[in-house]
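See below for the structure under consideration.
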Amino acid sequence: MHRKNAYGLFSLLLGFSILLASCGESTDQKTTQPPVQTTLDSAEVARMKELEKIFFSIPSPMEMSSLIKEKGYQFDQNKLIATSNVDKYTGESRQAIMLGVYGADLSYTAIFDQKQMTMEYFAAAQKLARSMGVDGALTNDLIERLDKHQENRDSMLHIVSEAYADLNGYLKENQRIEVSAMIVAGGWIEALYLSTIYGNDGSTDLRQRIAEQKYALNNLMSYLDKFGDTTSLKELRSDLKTIQDAYAGVGENKGKTTSSKDDSGTMVIGTTTTLSMDDATLATIATLAKNIRTKYTAL
Amino acid sequence: MKLIKILLPLLMLMPLASDAQCRAFTKNQCLPQLDGYVQNDNYNSAMLVPGDDAELLLTFYGGKEYRLVICAHPILGSADYEVTDTNGDSIFKGNSATGNSFDFKMVNTQQLIVKLHIPEQKSAVSVHEGCVSVLVGSKESN
């Protein structure tokens, strides 16, 4: 049964039970009704827990790809998952993770201004979304807009980002928040994999960015914990936990936050906190990223 | 007051039509305020009521420039927000009615917390819920 219908029915029943509980004041009560205030508190707690599942964010894969390009690396299609295999991914969990993987690859092609390939990856993502019953996001009008703005890289980036944010919103709106979590996780795994592939050549900035994923991963794991021990997330959490354990090797030297204003009056925020990662930790993270990525993308 | 206590759980647990409006509100009213920045692909919008608090832990990368937009439906009046570091030290405070965006540059990568509070409306007879969106956009720092 769709979570959306079950949730709506539950809320309707709860609402009516509260209404009935407060109607009339019989002195001859044979059953004990919970006080309205207690029921209100339970409802409030449940509501707050649902809000915590909505207010969650980790950096998008596009930000990782942006650094890869900025550091002068070349585009390499061979590093990506083939779009021709999109129909071969089945099962909601796998499809959700792959939707994230394709989203990360889409961001990569868009960042590198690969117009035709961006269209192909978007079409693949849309196909996957449709097979998952996600009809209200990654729509045809977005494909038309992408096609229309192919010559404008900035517009392409905006459209791609907007598409995935809207997909995230659509899923949350339709009570498929676990699915949205898996998509985010899939995108993060692919972005980490791509950055470790490029980062192997010793680039300091990429290496630093890989170390910084410690924050995003810890946030992601805390988020996944909010869903409890659900079957659909169990395996994914277990796999991500192995990477999280490897990130224990990334040392954090906590410092203080600094803030100042630049000449234009814009606030500039810094920190004296530093992260350190040795070669062995980087190698372990790279291997795990590759293995987990292979596990979910293999046919 | 008793009526509010009865209606509030119903209000809080009936998400469907209002969530759709929240997504439309976010796209039509809030997203344009990120003009010039590339939107983060996470959706952080929800129907909130006066008195609500919400928090969002975000990672911001060094070398980039960001815009944070806090967008609240007018029916709520406004939303107070504060950006702190993970120690709770305040970096910036604002209110969506008087200044709903915060532009900043990051020297190094850091996690920051965005805290939201919807002020209570003391004179209100009934409780209204309204959409609140937190949008994050980025661009390369000059």
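So you can find residues: chains in the structure tokens are A, B, ... in the order shown, residues in each start at 1, and ligands are numbered from 1 in order.
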message: So that I can check the surroundings of Phe56 (chain A), please list as number ranges by chain every protein, DNA and RNA residue that reaches within 9 Å of it, counting only C-alpha atoms and ignoring chain neighbours fewer than 4 positions away.
response: A: 52, 219-220, 223; B: 42-44, 55-58
Using only C-alpha atoms, find the residues of chain A whose closest atom to chain B is at most 7 Å away, then write them as a PDB file with N, CA and C atoms, in the first residue's frame.
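Writing the result to out00.pdb gives the following:
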ATOM      1  N   GLY A   8      -2.321   9.096   4.911  1.00  0.00           N
ATOM      2  CA  GLY A   8      -3.544   9.900   4.872  1.00  0.00           C
ATOM      3  C   GLY A   8      -4.659   9.246   5.662  1.00  0.00           C
ATOM      4  N   SER A  11      -3.953   9.505   9.398  1.00  0.00           N
ATOM      5  CA  SER A  11      -4.184  10.831   9.947  1.00  0.00           C
ATOM      6  C   SER A  11      -5.680  11.103  10.072  1.00  0.00           C
ATOM      7  N   GLY A  15      -7.470  11.843  13.523  1.00  0.00           N
ATOM      8  CA  GLY A  15      -8.234  13.074  13.689  1.00  0.00           C
ATOM      9  C   GLY A  15      -9.625  12.803  14.208  1.00  0.00           C
ATOM     10  N   ILE A  18      -9.664  11.793  17.849  1.00  0.00           N
ATOM     11  CA  ILE A  18      -9.505  12.932  18.744  1.00  0.00           C
ATOM     12  C   ILE A  18     -10.826  13.674  18.867  1.00  0.00           C
ATOM     13  N   LEU A  19     -11.500  13.839  17.742  1.00  0.00           N
ATOM     14  CA  LEU A  19     -12.783  14.551  17.715  1.00  0.00           C
ATOM     15  C   LEU A  19     -13.791  13.826  18.587  1.00  0.00           C
ATOM     16  N   LEU A  40      -2.102  14.976  21.519  1.00  0.00           N
ATOM     17  CA  LEU A  40      -1.520  16.123  20.821  1.00  0.00           C
ATOM     18  C   LEU A  40      -0.004  16.029  20.854  1.00  0.00           C
ATOM     19  N   ALA A  43       1.207  13.369  18.505  1.00  0.00           N
ATOM     20  CA  ALA A  43       1.071  13.829  17.121  1.00  0.00           C
ATOM     21  C   ALA A  43       2.163  14.838  16.798  1.00  0.00           C
ATOM     22  N   ARG A  47       5.061  14.501  14.043  1.00  0.00           N
ATOM     23  CA  ARG A  47       5.191  15.549  13.028  1.00  0.00           C
ATOM     24  C   ARG A  47       6.616  16.078  12.975  1.00  0.00           C
ATOM     25  N   ILE A  54      12.512  15.784   6.194  1.00  0.00           N
ATOM     26  CA  ILE A  54      12.413  16.687   5.049  1.00  0.00           C
ATOM     27  C   ILE A  54      13.606  17.635   5.028  1.00  0.00           C
ATOM     28  N   PHE A  55      13.931  18.197   6.212  1.00  0.00           N
ATOM     29  CA  PHE A  55      15.026  19.156   6.292  1.00  0.00           C
ATOM     30  C   PHE A  55      16.357  18.431   6.391  1.00  0.00           C
ATOM     31  N   PHE A  56      16.863  18.052   5.226  1.00  0.00           N
ATOM     32  CA  PHE A  56      18.143  17.346   5.133  1.00  0.00           C
ATOM     33  C   PHE A  56      18.811  17.758   3.831  1.00  0.00           C
ATOM     34  N   SER A  57      20.126  17.923   3.899  1.00  0.00           N
ATOM     35  CA  SER A  57      20.836  18.312   2.682  1.00  0.00           C
ATOM     36  C   SER A  57      22.298  17.930   2.781  1.00  0.00           C
ATOM     37  N   ILE A  58      22.827  17.389   1.702  1.00  0.00           N
ATOM     38  CA  ILE A  58      24.284  17.239   1.574  1.00  0.00           C
ATOM     39  C   ILE A  58      24.669  17.906   0.249  1.00  0.00           C
ATOM     40  N   PRO A  59      25.929  18.257   0.080  1.00  0.00           N
ATOM     41  CA  PRO A  59      26.315  18.928  -1.168  1.00  0.00           C
ATOM     42  C   PRO A  59      25.952  18.075  -2.382  1.00  0.00           C
ATOM     43  N   SER A  60      25.548  18.727  -3.437  1.00  0.00           N
ATOM     44  CA  SER A  60      25.126  17.993  -4.627  1.00  0.00           C
ATOM     45  C   SER A  60      26.344  17.479  -5.391  1.00  0.00           C
ATOM     46  N   LEU A 157      23.148  23.929 -16.410  1.00  0.00           N
ATOM     47  CA  LEU A 157      23.420  23.588 -15.010  1.00  0.00           C
ATOM     48  C   LEU A 157      22.215  23.908 -14.130  1.00  0.00           C
ATOM     49  N   HIS A 158      21.599  25.046 -14.385  1.00  0.00           N
ATOM     50  CA  HIS A 158      20.427  25.439 -13.606  1.00  0.00           C
ATOM     51  C   HIS A 158      19.298  24.421 -13.792  1.00  0.00           C
ATOM     52  N   SER A 161      20.076  21.024 -12.058  1.00  0.00           N
ATOM     53  CA  SER A 161      19.938  21.140 -10.598  1.00  0.00           C
ATOM     54  C   SER A 161      18.485  21.266 -10.191  1.00  0.00           C
ATOM     55  N   GLU A 162      17.776  22.080 -10.927  1.00  0.00           N
ATOM     56  CA  GLU A 162      16.354  22.294 -10.627  1.00  0.00           C
ATOM     57  C   GLU A 162      15.589  20.984 -10.772  1.00  0.00           C
ATOM     58  N   TYR A 164      16.632  17.848 -10.356  1.00  0.00           N
ATOM     59  CA  TYR A 164      16.844  16.913  -9.253  1.00  0.00           C
ATOM     60  C   TYR A 164      16.298  17.442  -7.933  1.00  0.00           C
ATOM     61  N   ALA A 165      16.322  18.745  -7.740  1.00  0.00           N
ATOM     62  CA  ALA A 165      15.708  19.313  -6.537  1.00  0.00           C
ATOM     63  C   ALA A 165      14.199  19.082  -6.577  1.00  0.00           C
ATOM     64  N   ASP A 166      13.620  19.238  -7.751  1.00  0.00           N
ATOM     65  CA  ASP A 166      12.186  19.030  -7.894  1.00  0.00           C
ATOM     66  C   ASP A 166      11.828  17.559  -7.709  1.00  0.00           C
ATOM     67  N   ASN A 168      13.449  15.513  -5.792  1.00  0.00           N
ATOM     68  CA  ASN A 168      13.561  15.347  -4.346  1.00  0.00           C
ATOM     69  C   ASN A 168      12.285  15.839  -3.664  1.00  0.00           C
ATOM     70  N   GLY A 169      11.802  16.993  -4.129  1.00  0.00           N
ATOM     71  CA  GLY A 169      10.583  17.570  -3.567  1.00  0.00           C
ATOM     72  C   GLY A 169       9.354  16.732  -3.881  1.00  0.00           C
ATOM     73  N   GLU A 173       6.971  15.109  -1.091  1.00  0.00           N
ATOM     74  CA  GLU A 173       5.563  15.503  -1.111  1.00  0.00           C
ATOM     75  C   GLU A 173       4.651  14.276  -1.179  1.00  0.00           C
ATOM     76  N   ALA A 216      29.814  15.131   4.966  1.00  0.00           N
ATOM     77  CA  ALA A 216      28.604  14.782   4.223  1.00  0.00           C
ATOM     78  C   ALA A 216      28.156  13.367   4.562  1.00  0.00           C
ATOM     79  N   THR A 266      30.361  41.485   1.391  1.00  0.00           N
ATOM     80  CA  THR A 266      29.889  40.097   1.525  1.00  0.00           C
ATOM     81  C   THR A 266      30.631  39.420   2.674  1.00  0.00           C
ATOM     82  N   MET A 267      29.895  38.688   3.471  1.00  0.00           N
ATOM     83  CA  MET A 267      30.531  38.004   4.595  1.00  0.00           C
ATOM     84  C   MET A 267      31.426  36.881   4.099  1.00  0.00           C
ATOM     85  N   VAL A 268      32.582  36.784   4.708  1.00  0.00           N
ATOM     86  CA  VAL A 268      33.531  35.733   4.372  1.00  0.00           C
ATOM     87  C   VAL A 268      33.697  34.872   5.629  1.00  0.00           C
ATOM     88  N   ILE A 269      33.360  33.592   5.494  1.00  0.00           N
ATOM     89  CA  ILE A 269      33.380  32.685   6.653  1.00  0.00           C
ATOM     90  C   ILE A 269      34.527  31.703   6.498  1.00  0.00           C
ATOM     91  N   GLY A 270      35.266  31.539   7.554  1.00  0.00           N
ATOM     92  CA  GLY A 270      36.384  30.599   7.525  1.00  0.00           C
ATOM     93  C   GLY A 270      36.429  29.795   8.806  1.00  0.00           C
ATOM     94  N   THR A 271      37.362  28.888   8.852  1.00  0.00           N
ATOM     95  CA  THR A 271      37.543  28.085  10.054  1.00  0.00           C
ATOM     96  C   THR A 271      38.999  27.692  10.178  1.00  0.00           C
TER      97      THR A 271
END
task: Might you pull out every residue within 12 Å of Pro74 (chain B), with only C-alpha atoms counted and same-chain residues fewer than 4 positions away left off, and present them as an MDAnalysis selection string?
output: chainID B and resid 25 29 49:50 78:79 96:97 118 128:132
May I have the selected residues written with N, CA and C atoms, as a CSV table (one decimal), in the first residue's frame?
chain,number,residue,atom,x,y,z
B,25,PHE,N,4.9,26.7,-4.4
B,25,PHE,CA,5.3,28.0,-3.8
B,25,PHE,C,6.8,28.1,-3.9
B,29,GLN,N,7.8,31.1,-6.1
B,29,GLN,CA,8.1,32.3,-5.3
B,29,GLN,C,9.5,32.4,-4.8
B,49,VAL,N,3.8,25.7,11.2
B,49,VAL,CA,2.8,26.6,11.9
B,49,VAL,C,3.6,27.4,12.9
B,50,PRO,N,3.0,28.5,13.3
B,50,PRO,CA,3.6,29.4,14.3
B,50,PRO,C,4.0,28.6,15.5
B,78,SER,N,6.3,35.7,9.1
B,78,SER,CA,7.7,35.7,8.7
B,78,SER,C,8.3,34.5,9.4
B,79,ALA,N,9.6,34.2,9.0
B,79,ALA,CA,10.4,33.2,9.7
B,79,ALA,C,11.7,33.8,10.1
B,96,SER,N,12.8,36.5,7.5
B,96,SER,CA,12.4,36.4,6.1
B,96,SER,C,11.6,37.6,5.6
B,97,ALA,N,11.0,38.4,6.5
B,97,ALA,CA,10.2,39.5,6.0
B,97,ALA,C,11.1,40.7,5.7
B,118,ILE,N,9.4,29.9,13.6
B,118,ILE,CA,8.2,30.6,13.1
B,118,ILE,C,7.6,31.3,14.3
B,128,HIS,N,-2.7,29.0,11.4
B,128,HIS,CA,-2.5,28.8,10.0
B,128,HIS,C,-1.2,28.1,9.7
B,129,GLU,N,-1.2,27.2,8.8
B,129,GLU,CA,0.1,26.6,8.4
B,129,GLU,C,0.5,27.2,7.1
B,130,GLY,N,1.8,27.3,6.9
B,130,GLY,CA,2.3,27.9,5.7
B,130,GLY,C,3.6,27.3,5.2
B,131,CYS,N,3.9,27.4,4.0
B,131,CYS,CA,5.1,26.8,3.4
B,131,CYS,C,6.3,27.6,3.8
B,132,VAL,N,7.4,26.9,4.3
B,132,VAL,CA,8.7,27.5,4.5
B,132,VAL,C,9.7,26.8,3.7
query: Do you have the CA of Glu120 (chain A)-CA of Ala286 (chain A) distance handy?
result: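 Atom-to-atom, CA of Glu120 (chain A) to CA of Ala286 (chain A), that is 27.5 Å.
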Members of region 53-185 of chain A assigned alpha helix (DSSP H) by DSSP, as a PyMOL selection string: chain A and resi 53-54+61-70+92-111+115-131+140-148+153-173+177-185
- prompt: Which residues come within 10 Å of region 224-229 of chain A, counting only C-alpha atoms, excluding same-chain residues fewer than 4 positions away, as a list in words?
  reply: Lys49, Glu50, Glu52, Lys53, Ile177, Glu178, Ala181, Met182, Ala185, Asn218, Asn219, Leu220, Leu233, Lys234, Leu236 and Arg237 of chain A
